[in-house]
Amino acid sequence: MQNQTIIGSNLTTPVNPVERAIGDVIAMQLAGIAYCSLTNNVASTLKYYLPDWQVVWSPTQAINGNWAFIAYNGVQYVIAIRGSILQFSWAAFDNWFEQDFNLLEQTSWNYTDDPGANPMISRGASDGLNDLIQLTDANGDTILGYLMTNAVPHNKFIGTVGHSLGGNLATVYSMYLRYQILQAGFQLPTIFSVLTFAAPTSWNLAFANEFDSSLTNTWRYYGMLDIVPFSACDIIGLGNLYPPPAPAAQSIYTTYKGTRITLAEAFDLIQAVITASEIYYDSAYFPVNSQRGAIPLNTAGQEYKMTYTDPLARWFEQAGQQHDHNHYLDWLGGTGAEVVCR
């Protein structure tokens, strides 16, 4: 296989877009193809866009909306984790924070080499991880079971990818997988890579530090005008995200907890609630790849045409466009690589 089919084999932190981690377009395609599980078109879509790859493991059903598949190209196994099904609106955004993502509660991270450092993740990330752990295919194999049989003993390269909440869960699942491999007495594969796109943050500094020091072939890609990667760490900044002529959050009204306020004020209130939670747990959210491997996309600030007339709907329409996985492919330079389920 050629190097460009190996996800995450570049050990340097790229600066020039053409020097980014080898395989980032393929990684984003795999993350995008995971959404095709909603129409049962994963295998056919994978064959269309990436004919050198094949689905070797997929679950019989999702658990609480969480789903993933494993693809293989003869050299590397890649776990592609599906993102959340988020229709961009104020109601969906609010629900995402308090229920699906659940940043308001934190729990200890138990798959650690240093429990004394007190690594913690959000309750939502913990629940999502537990769902992924329980997924089984038609043979009763879990993701871990399949890889421990087919990949790990043979030192096959392993990669984990995901977009949106899929990127968030790719981060925590990779640390879980690393822990299980080492606990079983194996060495990590020569290449164990993690490439996430538009992933929100839901872990504290201790977790982030252990991730960064334990898994070095990792990259976190984020759009500069995408609200999701900035959630938890910079919610207040979301109110100032879109420059004119895009709709301004300071002049758009919504209802939050029964009170009519501006969208910017609503973001401020969410931040206040999360900050209070962080103080309660003595655990503040902190991004991974803070020292290397964080790659901004859409640095030119490209905005997209909006069709709605209602200001609130227009704001979240722009948010949806900025978060779209195919726009991430465009920003990566993957001309003609946009994924349409087939």
# chains A, B, ... in the order shown; residues from 1 in each chain; ligands from 1
>>> closest_atom_pairs(of="region 47-111 of chain A", to="region 227-238 of chain A", cutoff="12 Å", atoms="only C-alpha atoms", output="tab-separated table")
residue	atom	partner	partner_atom	distance
A:Gly83	CA	A:Val228	CA	11.7
A:Ser84	CA	A:Val228	CA	11.2
A:Leu86	CA	A:Val228	CA	10.7
A:Phe88	CA	A:Ile227	CA	10.5
A:Phe93	CA	A:Val228	CA	9.5
A:Asp94	CA	A:Ser231	CA	11.4
A:Trp96	CA	A:Val228	CA	10.5
A:Phe97	CA	A:Ser231	CA	8.8
A:Glu98	CA	A:Ala232	CA	11.5
A:Phe101	CA	A:Ala232	CA	10.3
A:Asn102	CA	A:Ala232	CA	10.5
A:Leu103	CA	A:Ala232	CA	7.4
A:Leu104	CA	A:Ala232	CA	9.8
>>> write_last_selection(atoms="C-alpha atoms", output="mmCIF file, in the first residue's frame")
data_model
loop_
_atom_site.group_PDB
_atom_site.id
_atom_site.type_symbol
_atom_site.label_atom_id
_atom_site.label_comp_id
_atom_site.auth_asym_id
_atom_site.auth_seq_id
_atom_site.Cartn_x
_atom_site.Cartn_y
_atom_site.Cartn_z
ATOM 1 C CA GLY A 83 -21.144 11.802 14.940
ATOM 2 C CA SER A 84 -24.263 13.034 16.643
ATOM 3 C CA LEU A 86 -27.609 17.327 15.354
ATOM 4 C CA PHE A 88 -28.761 22.942 14.125
ATOM 5 C CA PHE A 93 -27.987 23.054 20.788
ATOM 6 C CA ASP A 94 -29.331 23.483 24.311
ATOM 7 C CA TRP A 96 -27.026 18.729 23.186
ATOM 8 C CA PHE A 97 -25.208 20.377 26.094
ATOM 9 C CA GLU A 98 -27.536 19.253 28.856
ATOM 10 C CA PHE A 101 -23.342 15.711 25.520
ATOM 11 C CA ASN A 102 -24.027 16.313 29.235
ATOM 12 C CA LEU A 103 -21.180 18.662 30.108
ATOM 13 C CA LEU A 104 -22.829 19.519 33.403
#
>>> residues_around(residues="region 332-341 of chain A", least_positions_apart="4", cutoff="12 Å", atoms="only C-alpha atoms", output="PDB file with C-alpha atoms, in the first residue's frame")
ATOM      1  CA  ASN A  16       1.424  24.402   5.086  1.00  0.00           C
ATOM      2  CA  PRO A  17      -1.952  22.869   4.122  1.00  0.00           C
ATOM      3  CA  VAL A  18      -0.290  20.603   1.564  1.00  0.00           C
ATOM      4  CA  GLU A  19       1.970  19.184   4.304  1.00  0.00           C
ATOM      5  CA  ARG A  20      -0.803  18.047   6.622  1.00  0.00           C
ATOM      6  CA  ALA A  21      -0.824  14.595   8.148  1.00  0.00           C
ATOM      7  CA  ILE A  22      -0.766  11.941   5.465  1.00  0.00           C
ATOM      8  CA  GLY A  23      -4.237  10.562   4.995  1.00  0.00           C
ATOM      9  CA  ASP A  24      -6.279  13.363   6.562  1.00  0.00           C
ATOM     10  CA  VAL A  25      -8.657  13.486   3.586  1.00  0.00           C
ATOM     11  CA  ILE A  26      -9.147   9.720   3.758  1.00  0.00           C
ATOM     12  CA  ALA A  27      -9.674   9.963   7.516  1.00  0.00           C
ATOM     13  CA  MET A  28     -12.362  12.626   7.038  1.00  0.00           C
ATOM     14  CA  GLN A  29     -14.000  10.555   4.306  1.00  0.00           C
ATOM     15  CA  LEU A  30     -14.175   7.566   6.647  1.00  0.00           C
ATOM     16  CA  ALA A  31     -15.673   9.773   9.354  1.00  0.00           C
ATOM     17  CA  GLY A  32     -18.213  11.089   6.853  1.00  0.00           C
ATOM     18  CA  ILE A  33     -19.071   7.607   5.587  1.00  0.00           C
ATOM     19  CA  ALA A  34     -20.005   6.634   9.154  1.00  0.00           C
ATOM     20  CA  TYR A  35     -23.086   8.879   8.763  1.00  0.00           C
ATOM     21  CA  CYS A  36     -24.233   6.610   5.932  1.00  0.00           C
ATOM     22  CA  SER A  37     -25.173   4.040   8.577  1.00  0.00           C
ATOM     23  CA  LEU A  38     -28.405   6.009   8.895  1.00  0.00           C
ATOM     24  CA  THR A  39     -29.357   4.766   5.426  1.00  0.00           C
ATOM     25  CA  ASN A  40     -27.527   1.413   5.567  1.00  0.00           C
ATOM     26  CA  ASN A  41     -25.161   2.534   2.817  1.00  0.00           C
ATOM     27  CA  VAL A  42     -21.790   2.326   4.563  1.00  0.00           C
ATOM     28  CA  ALA A  43     -20.302  -0.586   2.595  1.00  0.00           C
ATOM     29  CA  SER A  44     -21.436   0.658  -0.813  1.00  0.00           C
ATOM     30  CA  THR A  45     -20.344   4.237  -0.097  1.00  0.00           C
ATOM     31  CA  LEU A  46     -16.952   3.055   1.147  1.00  0.00           C
ATOM     32  CA  LYS A  47     -16.493   0.973  -2.002  1.00  0.00           C
ATOM     33  CA  TYR A  48     -17.355   3.965  -4.185  1.00  0.00           C
ATOM     34  CA  TYR A  49     -14.980   6.475  -2.568  1.00  0.00           C
ATOM     35  CA  LEU A  50     -12.249   4.245  -1.137  1.00  0.00           C
ATOM     36  CA  PHE A 197     -12.655  16.714  13.027  1.00  0.00           C
ATOM     37  CA  TYR A 221      -8.835  19.539  13.056  1.00  0.00           C
ATOM     38  CA  TYR A 222     -11.289  22.356  13.731  1.00  0.00           C
ATOM     39  CA  GLY A 223     -13.024  25.001  11.653  1.00  0.00           C
ATOM     40  CA  ILE A 295      -4.879  22.215  12.974  1.00  0.00           C
ATOM     41  CA  PRO A 296      -7.219  25.143  12.222  1.00  0.00           C
ATOM     42  CA  LEU A 297      -9.241  24.988   9.024  1.00  0.00           C
ATOM     43  CA  ASN A 298     -11.197  27.667   7.170  1.00  0.00           C
ATOM     44  CA  THR A 299      -8.643  30.211   8.309  1.00  0.00           C
ATOM     45  CA  ASP A 324     -20.760  20.199   7.787  1.00  0.00           C
ATOM     46  CA  HIS A 325     -18.376  17.274   7.277  1.00  0.00           C
ATOM     47  CA  ASN A 326     -18.148  17.856   3.538  1.00  0.00           C
ATOM     48  CA  HIS A 327     -17.017  21.421   4.104  1.00  0.00           C
ATOM     49  CA  TYR A 328     -14.235  19.998   6.264  1.00  0.00           C
TER      50      TYR A 328
END
>>> closest_atom_pairs(of="region 180-269 of chain A", to="region 309-313 of chain A", cutoff="8 Å", atoms="only C-alpha atoms", output="CSV")
residue,atom,partner,partner_atom,distance
A:Pro247,CA,A:Pro311,CA,6.5
A:Ile252,CA,A:Leu312,CA,6.0
A:Tyr253,CA,A:Leu312,CA,7.1
A:Thr254,CA,A:Leu312,CA,7.4
>>> write_last_selection(atoms="C-alpha atoms", output="mmCIF file, in the first residue's frame")
data_model
loop_
_atom_site.group_PDB
_atom_site.id
_atom_site.type_symbol
_atom_site.label_atom_id
_atom_site.label_comp_id
_atom_site.auth_asym_id
_atom_site.auth_seq_id
_atom_site.Cartn_x
_atom_site.Cartn_y
_atom_site.Cartn_z
ATOM 1 C CA PRO A 247 -26.374 37.653 11.722
ATOM 2 C CA ILE A 252 -30.917 37.779 17.940
ATOM 3 C CA TYR A 253 -33.471 36.825 20.571
ATOM 4 C CA THR A 254 -34.371 33.403 21.887
#
>>> residues_around(residues="Tyr146 (chain A)", least_positions_apart="5", cutoff="10 Å", atoms="only C-alpha atoms", output="list in words")
Val56, Trp57, Ile70, Thr136, Asp137, Asn139, Gly140, Asp141, Ala151 and Val152 of chain A
>>> select_by_dssp(residues="region 35-262 of chain A", states="strand (DSSP E or B)", output="ChimeraX atom specification")
/A:54-57,63,66,68-72,76-81,106-108,120-122,157-163,192-197,203-204,217-223,253-256,259-262
>>> residues_around(residues="Gly301 (chain A)", least_positions_apart="4", cutoff="10 Å", atoms="only C-alpha atoms", output="count of residues only")
7
